[in-house]
Every structure is written in structure tokens, then in C-alpha cells.
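Q: Below: one structure in C-alpha cells.
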Amino acid sequence: MATTHRKFFIGGQWVDPASSGRIDVVSATTEEVIGSCPEGTTADIDRAVAAAQKAFKESAWATYTPAERGAALNRFADAIEKRGEQLAQTVSMQNGMPINVASQLESGFVVGVLRYYAALAAVQEIEEARPSPLGFTSHVRKEAIGVVGAIVPWNFPVALSIMKIGPALAAGCTIVLKPSPETVLDSFIIAEAAEEAGLPPGVLNWVPGGRDVGAYLVSHPGIDKVAFTGSTGAGRIIAQECGRLLRPVTLELGGKSAAIILEDADLDKVLQGLPSTSLLNNGQACFSCTRILAPNNRYQEVVDAIASTVSSLVVGDPLDRATQIGPMASAVHRNRVEGYIAKGKSEARLVAGGGRAMQERGWFVQPTVFADVDNSATIAREEIFGPVLSIIRYGNEDEALRIASESEYGLGGTIWSEDRVRAVNLARRVESGTIGINGYLPDVNAPFGGIKASGLGRELGPESIAAYQQYKSIYMLG
Ligand code: NAD
């Protein structure tokens, strides 16, 4: 039965929307409407920003001690944990994420992120006394930046929201969050958890809506910082606007990461890692290693092994625990991915997939592999955001490094080798914000993010709290 929401969570209350517009959420698997909610407008954003401003300046939140902030984040983590399975199922139904992935990343991982920031918030030193070389003392304070406008995409709607909420709350900020229209239903579950956790009214507010509502939030005079995850195209527009306003902004954008398979790699490890490093969430993950760099002397072996592994992946209903590849998140997105597959057929040699996966309903494409891909080909340069891999040949390590780094993007990457020292040395030289050795797993305790067209700033790690704070120096001259 479809879930129908009629109100927004703003200022700690469930309030009526300003307009009668609605957002229908359609299942990527059944193509049926599985829920709906009111469509946010600029008037709703105005109300949410006002509530967040009031909470920042006037509510109990403004005077919480670090220990109280930590406790509030832990209560929020408890409330999310209780709803873990509901969140995983909801995300899986909305965007087609295999349920095993959703249980791990949209449920378990997010609880860990909140508990991590709860612990950091509780022990934070807000003010530090420093001796000046001129003989007096300066007090250096870390102050919360203010009201955050947060915008997230549809691919990991819960994790990407919590990766902003955790550090922003640890810093003492308040937030207005705009989820993507394709995946709004999970945001109501997170709002219910916030309500149960008893966060002061207005600390967290949600207004679902499209890009116009997002653009209005970015430029709203009441917003002090923008935290955005989404496409590079939208990121550039948002960065321009934030530049005009001199407004701090964090941007987590697209990627076209490379997996470098060295000659001594254990191919079994590569194949085992493939679903999570290159095809996670049906290929709809920003850090996916969709360019696979194979050495000349093992090229055919790598192509045959990857083509055979990818062809054997279980494609089907994402709610089935056996499923490894579900559908694309929307019909429009499937068409886009199919356009790239058609382009790939004219640019390279198709060795696996290449068509629609035969299912009665749903926006499925076959996991697809191209071999003999040149790094200058469209399928090697542009982010496809689907289960489409390009295998590129290289001669020596320097050439592999050059190909890996020759990309507009610089978000993730992997190196596969049995020689850890060699692999780490190479990892240090790849142009990328993050990179994994013999696997890839974002770590809550390490900053995550990209360079070049993959973004600005970092999420996760203690570094992420700093992105929601600003410094104030008090010179104690007398
Ligand atoms: P998108 O940019 O189309 O939309 C993302 C969000 O931004 C949505 O909520 C959308 O409504 C909003 N939006 C779009 N244009 C806007 C604008 N001009 N002003 C304000 N808001 C706007 O991206 P998408 O298709 O939903 O998501 C896929 C993209 O997200 C991929 O490029 C992927 O690589 C990227 N992504 C990056 C990371 C990361 O951490 N680097 C993580 C996940 C996804």
C-alpha cells in the first residue's frame, strides 16, 4: 500500500504545506506509485529557514554543552537504528538499491556515522588559549557557522543526508534539508526519528522539492553554508551562486574513478571486489571504479574474467537478498545509461551485456563491459552512473598512473597488487581524493571527497566538523 504524507517537518512540528502540489514516488522495480508527499515551494523554504534561524539563535540548542550535543546525537542514532530495516526497504523500493547494500549503507553505516559524531561532539574543545609571541594571550574559538542548506541526490539518500547532519549538528549548526524528488519517502522516516530524539524544534527541517526549490534554498539570505551532493553540472551552478554570495559551500560531485590492476594482482580478489568497488548500487555510486586499467601482459585474462563475472551477476528484484544488480533509479536515467551503451558500441568492443535485462517491469539494464577502450572515448571520460565498465590497456606503471589521473574527475580509485608497498606508493601518486588498496570502503574516520570536477571540501572524519565551523580570535590585551 502506498504511503501518503500530508505534512512537512518544520520547526519541530508536522505542518501543512504552503501549496497543494504533490510529489509521487515511483518504484524503480514495479513502476508503480509507492508513496507521495507534498511538494515544497519557496514559501515552505522560507518557513523552514526561519525555524532553523530561530533554533540556532534562540533555542536550547544554542547553549547546549558539548556533552548535551553528543547525547542528542546518540538519541538520534538510537531512533534511526530502530527504523533501520524500514529505511533500507524504503530506499530499495524507491531507487532499486539491492537490499543487502541498503541494509549495510543506508541503515547500519548511518547509525555508525551518528555515533561517531556524537562521540566527537561530546569531547570537543571549543575554545583554546594560545600565547602570542608579543606576550599576551589569544583565545581561539570554533563557532558553529549557522544555518546549513543541505541538498542530496537520490542514489544514497539516507547516508548522504546523515553525512551532513552528523558533523553539522556536532558543530552546533541547524539545518534545512532538501531531498531529491525521486527519494523523498526515507526523509520522512528520518524526520520521525529526529522528532523521537527530542532535538530542539527547528534544529532539523525537511522540505522535499525539485531543483528550483533547491536553487532557492542555496541563495536564501538566511542560509550561512551550503552542503551539496549531486552532479558536477548542478555543483558548478551552486558554486557560482555561492561565489556571488561569498557563502561557504561543500560540494560532493561526480566521478570516473580508475581501478589499476598491477601485474602481480590476485585476480580472484579483483573479481570478488568488483560488485562493491565498480558496480555498487547498480553502478549508481559516485566513487565507482568504472575504468579498469589492465596490464598488457594480462589484458585478455582480465577481460575474460571480468566479462564472465559481470555476465553471471544476479539481476532482479532489489528486495530479494540474492539480487546483486537492481534497476536504474528512473526511466529517464535508464534512457541516459542506454545512450552511453549505444555510444560504447561504436567506440569499443562489447564483451558482456549491452542490452535491457529481461524483467517484466522496472528500469533494468544488463551489467555491461567494454574492452579495448581508449581513455579518450566518451564512455571512459563521462560519468555514466550505471553498470557499465570500460577496460583500458596499459604498458607500464607510469602509463597506468597517467591514464588513471587523466580525467576531469578525481574522487575514488583502487589499486590491486600483492605488493603493499608498491601499491601504497602508487596510491600516493594518483590524482584523487580517496583511493583503496585491494578494495574500497569509505571510512567514517577518514575524510571523503574529491578533487578537480569531483568537488570541493570533504565529508566524514573529524575534518568534516570543521566545514561547519568558523574561527573567532579574541585578543586578551588587558
Ligand atoms: P543532481 O545534481 O541532478 O541532483 C542532486 C540534488 O540537487 C537533487 O536534490 C536536485 O533536486 C538538486 N538540484 C539539482 N540542480 C540544482 C540546482 N541548480 N540548485 C540546487 N539544487 C539542485 O544529481 P542526481 O542525478 O540526483 O545524482 C547523481 C549525481 O550525484 C552523480 O553525478 C553522482 O556522482 C553524484 N554523487 C556524488 C557523491 C559524492 O559524494 N561525491 C555521492 C553521491 C552522488
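Chain lettering (A, B, ...) mirrors the order of the C-alpha cells, residue numbering begins at 1 for each chain separately, and ligand numbering begins at 1 in order of display.
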Excluding region 414-421 of chain A and any residue of its chain fewer than 6 positions from it, enumerate the residues within 6 Å of it, using only C-alpha atoms, and give them as a count of residues only.

A: 10

Q: Using only C-alpha atoms, determine which residues lie at most 10 Å from Ala357 (chain A), disregarding the query and same-chain residues fewer than 4 positions distant; provide the list as JSON, numbers by chain.

A: {"A": [315, 316, 326, 327, 353, 362, 363, 364, 365, 366, 367]}

Q: Could you write out the selected residues, including N, CA, C and O atoms, as a tab-separated table (two decimals), in the first residue's frame?

A:
```tsv
chain	number	residue	atom	x	y	z
A	315	VAL	N	20.66	-10.35	-11.66
A	315	VAL	CA	19.90	-9.12	-11.89
A	315	VAL	C	18.45	-9.41	-11.52
A	315	VAL	O	17.90	-10.43	-11.93
A	316	GLY	N	17.81	-8.52	-10.75
A	316	GLY	CA	16.42	-8.79	-10.43
A	316	GLY	C	15.87	-7.87	-9.36
A	316	GLY	O	16.38	-6.75	-9.17
A	326	GLY	N	20.10	-4.32	-9.33
A	326	GLY	CA	18.69	-3.95	-9.47
A	326	GLY	C	18.52	-2.99	-10.65
A	326	GLY	O	19.42	-2.82	-11.47
A	327	PRO	N	17.36	-2.35	-10.71
A	327	PRO	CA	17.08	-1.45	-11.83
A	327	PRO	C	17.75	-0.09	-11.68
A	327	PRO	O	18.23	0.25	-10.61
A	353	GLY	N	26.94	-8.09	-21.63
A	353	GLY	CA	25.73	-7.27	-21.51
A	353	GLY	C	25.45	-6.48	-22.78
A	353	GLY	O	25.56	-6.99	-23.88
A	362	GLY	N	10.08	-2.53	-14.59
A	362	GLY	CA	11.27	-1.95	-13.97
A	362	GLY	C	12.29	-1.49	-15.00
A	362	GLY	O	12.31	-1.98	-16.13
A	363	TRP	N	13.15	-0.58	-14.54
A	363	TRP	CA	14.09	0.08	-15.45
A	363	TRP	C	15.45	-0.59	-15.41
A	363	TRP	O	16.45	0.00	-15.01
A	364	PHE	N	15.47	-1.86	-15.85
A	364	PHE	CA	16.70	-2.66	-15.77
A	364	PHE	C	17.57	-2.49	-17.01
A	364	PHE	O	17.04	-2.41	-18.12
A	365	VAL	N	18.88	-2.47	-16.81
A	365	VAL	CA	19.80	-2.65	-17.94
A	365	VAL	C	20.75	-3.78	-17.55
A	365	VAL	O	21.00	-4.02	-16.37
A	366	GLN	N	21.26	-4.47	-18.55
A	366	GLN	CA	22.22	-5.53	-18.26
A	366	GLN	C	23.54	-4.92	-17.81
A	366	GLN	O	24.00	-3.94	-18.43
A	367	PRO	N	24.18	-5.48	-16.78
A	367	PRO	CA	25.54	-5.03	-16.49
A	367	PRO	C	26.41	-5.28	-17.73
A	367	PRO	O	26.33	-6.34	-18.35
```

Q: Counting only C-alpha atoms and all ligand atoms, which residues in chain A sit no more than 6 Å from ligand 1? For each one, give the nearest pair of atoms and the distance in Å, sorted by chain then residue number, as JSON lines.

A:
```
{"residue": "A:Ile151", "atom": "CA", "partner": "ligand 1", "partner_atom_place_in_ligand_line": "9 (O)", "distance": 5.3}
{"residue": "A:Val152", "atom": "CA", "partner": "ligand 1", "partner_atom_place_in_ligand_line": "9 (O)", "distance": 4.7}
{"residue": "A:Pro153", "atom": "CA", "partner": "ligand 1", "partner_atom_place_in_ligand_line": "26 (O)", "distance": 3.8}
{"residue": "A:Trp154", "atom": "CA", "partner": "ligand 1", "partner_atom_place_in_ligand_line": "26 (O)", "distance": 5.0}
{"residue": "A:Pro179", "atom": "CA", "partner": "ligand 1", "partner_atom_place_in_ligand_line": "9 (O)", "distance": 5.0}
{"residue": "A:Ser180", "atom": "CA", "partner": "ligand 1", "partner_atom_place_in_ligand_line": "9 (O)", "distance": 3.6}
{"residue": "A:Gly210", "atom": "CA", "partner": "ligand 1", "partner_atom_place_in_ligand_line": "11 (O)", "distance": 4.3}
{"residue": "A:Arg211", "atom": "CA", "partner": "ligand 1", "partner_atom_place_in_ligand_line": "11 (O)", "distance": 3.9}
{"residue": "A:Gly214", "atom": "CA", "partner": "ligand 1", "partner_atom_place_in_ligand_line": "20 (C)", "distance": 3.7}
{"residue": "A:Ala215", "atom": "CA", "partner": "ligand 1", "partner_atom_place_in_ligand_line": "19 (N)", "distance": 3.6}
{"residue": "A:Thr229", "atom": "CA", "partner": "ligand 1", "partner_atom_place_in_ligand_line": "37 (C)", "distance": 5.2}
{"residue": "A:Gly230", "atom": "CA", "partner": "ligand 1", "partner_atom_place_in_ligand_line": "30 (O)", "distance": 3.1}
{"residue": "A:Ser231", "atom": "CA", "partner": "ligand 1", "partner_atom_place_in_ligand_line": "32 (O)", "distance": 3.4}
{"residue": "A:Thr232", "atom": "CA", "partner": "ligand 1", "partner_atom_place_in_ligand_line": "32 (O)", "distance": 5.9}
{"residue": "A:Ala234", "atom": "CA", "partner": "ligand 1", "partner_atom_place_in_ligand_line": "15 (N)", "distance": 4.5}
{"residue": "A:Ile237", "atom": "CA", "partner": "ligand 1", "partner_atom_place_in_ligand_line": "18 (N)", "distance": 5.6}
{"residue": "A:Ile238", "atom": "CA", "partner": "ligand 1", "partner_atom_place_in_ligand_line": "19 (N)", "distance": 5.7}
{"residue": "A:Glu252", "atom": "CA", "partner": "ligand 1", "partner_atom_place_in_ligand_line": "41 (N)", "distance": 3.6}
{"residue": "A:Leu253", "atom": "CA", "partner": "ligand 1", "partner_atom_place_in_ligand_line": "41 (N)", "distance": 3.9}
{"residue": "A:Gly254", "atom": "CA", "partner": "ligand 1", "partner_atom_place_in_ligand_line": "34 (O)", "distance": 3.2}
{"residue": "A:Gly255", "atom": "CA", "partner": "ligand 1", "partner_atom_place_in_ligand_line": "34 (O)", "distance": 5.5}
{"residue": "A:Ala285", "atom": "CA", "partner": "ligand 1", "partner_atom_place_in_ligand_line": "43 (C)", "distance": 5.9}
{"residue": "A:Cys286", "atom": "CA", "partner": "ligand 1", "partner_atom_place_in_ligand_line": "34 (O)", "distance": 3.6}
{"residue": "A:Gly449", "atom": "CA", "partner": "ligand 1", "partner_atom_place_in_ligand_line": "41 (N)", "distance": 5.9}
```

Q: Any chance you could export the current selection's N, CA and C atoms as a CSV table (one decimal), in the first residue's frame?

A:
```csv
chain,number,residue,atom,x,y,z
A,151,ILE,N,21.5,19.7,0.4
A,151,ILE,CA,20.8,19.2,-0.8
A,151,ILE,C,21.4,17.9,-1.1
A,152,VAL,N,20.6,16.8,-1.3
A,152,VAL,CA,21.1,15.5,-1.5
A,152,VAL,C,20.5,14.9,-2.8
A,153,PRO,N,21.2,13.9,-3.4
A,153,PRO,CA,20.6,13.2,-4.6
A,153,PRO,C,19.9,12.0,-4.2
A,154,TRP,N,19.5,11.2,-5.2
A,154,TRP,CA,18.7,10.0,-5.0
A,154,TRP,C,19.4,8.7,-4.8
A,179,PRO,N,15.6,16.9,0.1
A,179,PRO,CA,15.9,15.6,-0.6
A,179,PRO,C,15.5,15.7,-2.0
A,180,SER,N,15.9,14.7,-2.8
A,180,SER,CA,15.6,14.6,-4.2
A,180,SER,C,14.2,14.1,-4.4
A,210,GLY,N,12.0,20.0,-6.0
A,210,GLY,CA,12.9,19.8,-7.2
A,210,GLY,C,14.0,20.8,-7.2
A,211,ARG,N,14.6,21.0,-8.4
A,211,ARG,CA,15.8,21.8,-8.4
A,211,ARG,C,15.6,23.3,-8.2
A,214,GLY,N,15.6,23.8,-4.6
A,214,GLY,CA,17.0,23.7,-4.2
A,214,GLY,C,17.7,25.0,-4.4
A,215,ALA,N,17.5,25.5,-5.6
A,215,ALA,CA,18.2,26.7,-6.0
A,215,ALA,C,17.8,27.9,-5.1
A,229,THR,N,25.4,17.5,-2.4
A,229,THR,CA,25.9,16.3,-3.1
A,229,THR,C,25.1,16.1,-4.3
A,230,GLY,N,25.7,15.9,-5.4
A,230,GLY,CA,24.9,15.7,-6.7
A,230,GLY,C,25.9,15.8,-7.9
A,231,SER,N,25.3,16.1,-9.0
A,231,SER,CA,26.1,16.1,-10.2
A,231,SER,C,27.0,17.2,-10.3
A,232,THR,N,28.0,17.1,-11.1
A,232,THR,CA,29.0,18.2,-11.3
A,232,THR,C,28.4,19.4,-12.0
A,234,ALA,N,25.2,20.5,-11.7
A,234,ALA,CA,24.5,21.3,-10.7
A,234,ALA,C,25.5,21.9,-9.7
A,237,ILE,N,26.8,25.2,-10.9
A,237,ILE,CA,25.8,26.3,-10.8
A,237,ILE,C,25.7,26.8,-9.4
A,238,ILE,N,25.7,25.8,-8.4
A,238,ILE,CA,25.6,26.2,-7.0
A,238,ILE,C,26.9,26.9,-6.5
A,252,GLU,N,30.1,17.7,-3.1
A,252,GLU,CA,30.5,16.3,-3.3
A,252,GLU,C,29.8,15.9,-4.7
A,253,LEU,N,30.7,15.8,-5.7
A,253,LEU,CA,30.1,15.7,-7.1
A,253,LEU,C,30.4,14.3,-7.8
A,254,GLY,N,30.5,14.3,-9.1
A,254,GLY,CA,30.6,13.1,-9.8
A,254,GLY,C,32.0,12.5,-9.8
A,255,GLY,N,32.1,11.4,-10.5
A,255,GLY,CA,33.4,10.7,-10.6
A,255,GLY,C,33.5,9.8,-11.8
A,285,ALA,N,27.0,4.8,-8.0
A,285,ALA,CA,27.7,5.3,-6.8
A,285,ALA,C,28.8,6.2,-7.4
A,286,CYS,N,29.0,7.4,-6.7
A,286,CYS,CA,29.9,8.4,-7.3
A,286,CYS,C,31.3,7.9,-7.4
A,449,GLY,N,36.0,12.7,-0.2
A,449,GLY,CA,35.6,13.7,-1.1
A,449,GLY,C,36.6,13.7,-2.3
```

Q: Would you pick out the contacts of region 48-51 of chain A at 10 Å or less, using only C-alpha atoms, so that residues sharing its chain but fewer than 5 positions from it are not included, and give the list as a compact mmCIF listing (two decimals) with N, CA, C and O atoms, in the first residue's frame?

A:
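The result, written out as out_30.txt:
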```
# COMPACT_ATOMS: atom_id res chain seq x y z
N PHE A 8 4.82 18.59 6.37
CA PHE A 8 6.29 18.68 6.43
C PHE A 8 6.73 18.78 7.88
O PHE A 8 6.01 19.32 8.72
N PHE A 9 7.97 18.36 8.14
CA PHE A 9 8.55 18.51 9.49
C PHE A 9 9.39 19.79 9.49
O PHE A 9 10.50 19.82 8.97
N ILE A 10 8.82 20.83 10.06
CA ILE A 10 9.48 22.14 10.12
C ILE A 10 9.29 22.70 11.53
O ILE A 10 8.18 22.67 12.07
N GLY A 11 10.36 23.21 12.12
CA GLY A 11 10.25 23.83 13.45
C GLY A 11 9.79 22.85 14.52
O GLY A 11 9.11 23.25 15.47
N GLY A 12 10.14 21.57 14.35
CA GLY A 12 9.78 20.56 15.35
C GLY A 12 8.34 20.12 15.31
O GLY A 12 7.87 19.41 16.20
N THR A 42 8.86 27.70 -2.43
CA THR A 42 9.74 28.71 -1.82
C THR A 42 9.16 29.19 -0.48
O THR A 42 9.92 29.47 0.44
N ALA A 43 7.83 29.22 -0.37
CA ALA A 43 7.22 29.65 0.90
C ALA A 43 7.56 28.66 2.02
O ALA A 43 7.78 29.05 3.17
N PHE A 56 18.83 28.19 15.89
CA PHE A 56 20.28 28.46 16.02
C PHE A 56 20.54 29.56 17.04
O PHE A 56 21.49 29.48 17.82
N VAL A 147 23.08 28.43 9.92
CA VAL A 147 22.05 27.58 9.30
C VAL A 147 22.60 26.98 8.00
O VAL A 147 23.10 27.69 7.13
N VAL A 148 22.50 25.67 7.90
CA VAL A 148 23.03 24.95 6.74
C VAL A 148 21.88 24.60 5.78
O VAL A 148 20.85 24.07 6.21
N GLY A 149 22.07 24.90 4.50
CA GLY A 149 21.15 24.42 3.47
C GLY A 149 21.78 23.18 2.86
O GLY A 149 22.84 23.26 2.25
N THR A 174 22.25 24.37 12.66
CA THR A 174 20.90 23.86 12.41
C THR A 174 20.77 23.69 10.89
O THR A 174 21.57 24.26 10.13
N ILE A 175 19.77 22.93 10.45
CA ILE A 175 19.77 22.50 9.04
C ILE A 175 18.39 22.56 8.39
O ILE A 175 17.39 22.21 9.02
N VAL A 176 18.37 22.97 7.13
CA VAL A 176 17.21 22.75 6.26
C VAL A 176 17.67 21.80 5.17
O VAL A 176 18.63 22.09 4.46
N LEU A 177 17.01 20.66 5.07
CA LEU A 177 17.44 19.64 4.14
C LEU A 177 16.44 19.47 3.00
O LEU A 177 15.25 19.35 3.25
N PRO A 201 13.17 22.14 18.71
CA PRO A 201 12.42 22.47 17.49
C PRO A 201 13.23 23.35 16.55
O PRO A 201 13.87 24.31 17.00
N GLY A 202 13.23 23.00 15.27
CA GLY A 202 13.91 23.83 14.27
C GLY A 202 15.35 23.45 14.01
O GLY A 202 15.96 23.96 13.08
N VAL A 203 15.90 22.51 14.79
CA VAL A 203 17.29 22.10 14.55
C VAL A 203 17.37 21.36 13.21
O VAL A 203 18.29 21.58 12.42
N LEU A 204 16.40 20.49 12.94
CA LEU A 204 16.37 19.78 11.66
C LEU A 204 15.01 20.01 10.99
O LEU A 204 13.97 19.85 11.64
N ASN A 205 15.04 20.37 9.73
CA ASN A 205 13.81 20.66 8.98
C ASN A 205 13.95 20.08 7.58
O ASN A 205 15.04 20.14 6.99
N TRP A 206 12.86 19.54 7.05
CA TRP A 206 12.91 18.95 5.70
C TRP A 206 11.90 19.62 4.77
O TRP A 206 10.73 19.77 5.15
N VAL A 207 12.34 19.97 3.58
CA VAL A 207 11.42 20.46 2.55
C VAL A 207 11.74 19.71 1.25
O VAL A 207 12.72 20.02 0.57
N LEU A 217 16.84 27.57 -2.01
CA LEU A 217 17.48 27.33 -0.70
C LEU A 217 18.94 27.80 -0.72
O LEU A 217 19.40 28.46 0.22
N HIS A 220 19.11 31.56 -0.47
CA HIS A 220 18.29 32.21 0.57
C HIS A 220 19.16 33.04 1.52
O HIS A 220 20.20 32.57 1.99
N PRO A 221 18.74 34.27 1.82
CA PRO A 221 19.58 35.12 2.69
C PRO A 221 19.77 34.57 4.11
O PRO A 221 20.74 34.94 4.78
N GLY A 222 18.92 33.66 4.52
CA GLY A 222 19.05 33.10 5.87
C GLY A 222 20.00 31.92 5.97
O GLY A 222 20.22 31.38 7.06
N ILE A 223 20.57 31.50 4.84
CA ILE A 223 21.48 30.33 4.85
C ILE A 223 22.93 30.80 5.01
O ILE A 223 23.37 31.74 4.34
```

Q: Write out as a ChimeraX atom specification each polymer residue whose atoms come within 7 Å of Arg115 (chain A), counting only C-alpha atoms; drop sequence neighbours fewer than 6 positions from it.

A: /A:73-74,77

Q: Take the residues from that selection and put them in a file with N, CA and C atoms, as a PDB file, in the first residue's frame.

A:
```pdb
ATOM      1  N   LEU A  73      22.815  13.628  19.722  1.00  0.00           N
ATOM      2  CA  LEU A  73      23.172  12.848  18.522  1.00  0.00           C
ATOM      3  C   LEU A  73      23.017  11.352  18.785  1.00  0.00           C
ATOM      4  N   ASN A  74      23.349  10.923  19.988  1.00  0.00           N
ATOM      5  CA  ASN A  74      23.177   9.496  20.317  1.00  0.00           C
ATOM      6  C   ASN A  74      21.708   9.100  20.361  1.00  0.00           C
ATOM      7  N   ALA A  77      20.707   8.709  16.872  1.00  0.00           N
ATOM      8  CA  ALA A  77      21.229   7.427  16.350  1.00  0.00           C
ATOM      9  C   ALA A  77      20.333   6.268  16.809  1.00  0.00           C
TER      10      ALA A  77
END
```

Q: Fewer than 3 positions away in the same chain doesn't count, so skip those; otherwise give me all residues within 9 Å of Arg69 (chain A), counting only C-alpha atoms, as an MDAnalysis selection string.

A: chainID A and resid 61 64:66 72:74 118 121:122 169:172

Q: Limited to all heavy atoms, could you put the picked residues into a file as a compact mmCIF listing (two decimals), in the first residue's frame?

A:
```
# COMPACT_ATOMS: atom_id res chain seq x y z
N TRP A 61 19.25 24.65 21.92
CA TRP A 61 20.37 24.15 21.09
C TRP A 61 21.57 25.11 21.12
O TRP A 61 22.73 24.68 21.14
CB TRP A 61 19.85 23.97 19.66
CG TRP A 61 20.83 23.35 18.72
CD1 TRP A 61 21.45 23.95 17.65
CD2 TRP A 61 21.31 22.00 18.73
NE1 TRP A 61 22.26 23.07 17.01
CE2 TRP A 61 22.19 21.85 17.65
CE3 TRP A 61 21.06 20.89 19.55
CZ2 TRP A 61 22.84 20.66 17.36
CZ3 TRP A 61 21.70 19.70 19.27
CH2 TRP A 61 22.58 19.59 18.19
N TYR A 64 23.60 24.47 24.27
CA TYR A 64 23.96 23.09 24.64
C TYR A 64 25.46 23.00 24.89
O TYR A 64 26.27 23.57 24.15
CB TYR A 64 23.62 22.14 23.49
CG TYR A 64 22.27 21.45 23.58
CD1 TYR A 64 21.24 21.95 24.35
CD2 TYR A 64 22.03 20.30 22.85
CE1 TYR A 64 20.01 21.32 24.40
CE2 TYR A 64 20.81 19.65 22.90
CZ TYR A 64 19.80 20.17 23.68
OH TYR A 64 18.59 19.54 23.72
N THR A 65 25.83 22.24 25.90
CA THR A 65 27.25 21.95 26.12
C THR A 65 27.66 20.85 25.13
O THR A 65 26.79 20.16 24.57
CB THR A 65 27.47 21.40 27.54
OG1 THR A 65 26.71 20.20 27.65
CG2 THR A 65 27.04 22.41 28.61
N PRO A 66 28.97 20.64 24.93
CA PRO A 66 29.39 19.54 24.05
C PRO A 66 28.76 18.20 24.48
O PRO A 66 28.32 17.42 23.63
CB PRO A 66 30.91 19.53 24.22
CG PRO A 66 31.26 20.96 24.48
CD PRO A 66 30.12 21.49 25.33
N ALA A 72 22.38 14.27 22.41
CA ALA A 72 21.28 14.44 21.44
C ALA A 72 21.56 13.61 20.17
O ALA A 72 20.67 12.95 19.64
CB ALA A 72 21.14 15.92 21.08
N LEU A 73 22.81 13.63 19.72
CA LEU A 73 23.17 12.85 18.52
C LEU A 73 23.02 11.35 18.79
O LEU A 73 22.59 10.60 17.90
CB LEU A 73 24.61 13.17 18.10
CG LEU A 73 24.71 14.34 17.11
CD1 LEU A 73 26.11 14.94 17.11
CD2 LEU A 73 24.36 13.87 15.69
N ASN A 74 23.35 10.92 19.99
CA ASN A 74 23.18 9.50 20.32
C ASN A 74 21.71 9.10 20.36
O ASN A 74 21.34 8.02 19.91
CB ASN A 74 23.84 9.18 21.66
CG ASN A 74 25.26 8.66 21.45
OD1 ASN A 74 25.54 7.98 20.45
ND2 ASN A 74 26.16 8.98 22.37
N ALA A 118 28.59 11.85 17.53
CA ALA A 118 28.14 12.05 18.92
C ALA A 118 29.37 12.03 19.84
O ALA A 118 29.53 12.88 20.72
CB ALA A 118 27.17 10.95 19.32
N ALA A 121 31.50 15.14 19.23
CA ALA A 121 30.84 16.36 19.73
C ALA A 121 31.04 16.48 21.23
O ALA A 121 31.29 17.57 21.76
CB ALA A 121 29.35 16.31 19.40
N ALA A 122 30.95 15.35 21.92
CA ALA A 122 30.99 15.37 23.38
C ALA A 122 32.35 15.79 23.94
O ALA A 122 32.42 16.30 25.05
CB ALA A 122 30.60 13.99 23.91
N LEU A 169 25.49 18.95 13.13
CA LEU A 169 24.95 19.02 14.49
C LEU A 169 26.07 18.99 15.53
O LEU A 169 26.01 19.69 16.54
CB LEU A 169 23.95 17.87 14.76
CG LEU A 169 22.65 17.86 13.97
CD1 LEU A 169 21.66 16.88 14.58
CD2 LEU A 169 22.00 19.23 13.87
N ALA A 170 27.10 18.21 15.27
CA ALA A 170 28.25 18.17 16.20
C ALA A 170 28.86 19.57 16.32
O ALA A 170 29.32 19.97 17.39
CB ALA A 170 29.29 17.17 15.72
N ALA A 171 28.83 20.31 15.21
CA ALA A 171 29.40 21.67 15.23
C ALA A 171 28.46 22.66 15.92
O ALA A 171 28.89 23.74 16.32
CB ALA A 171 29.66 22.13 13.79
N GLY A 172 27.18 22.31 16.02
CA GLY A 172 26.21 23.21 16.65
C GLY A 172 25.33 23.96 15.65
O GLY A 172 24.62 24.90 16.02
```

Q: Which is closer to Tyr440 (chain A) than all the others in A:Ser278, A:Ser138, A:Thr4, A:Ser20, using only C-alpha atoms?

A: A:Ser278

Q: Between CA of Ser346 (chain A) and CA of Gly283 (chain A), what distance in Å does the model show, to one decimal?

A: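 Taking CA of Ser346 (chain A) and CA of Gly283 (chain A), their separation equals 21.3 Å.
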
Q: For Gly339 (chain A), which residue out of A:Thr378, A:Thr30, A:Gln53, A:Asn396 is the nearest one, using only C-alpha atoms?

A: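 With only C-alpha atoms as the atom set, the closest residue is A:Thr378.
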
Q: A:Met476, A:Gln469, A:Val226, A:Ala400: which is nearest Ile126 (chain A), counting only C-alpha atoms?

A: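 Among A:Met476, A:Gln469, A:Val226, A:Ala400, it is A:Gln469 that comes nearest to Ile126 (chain A).
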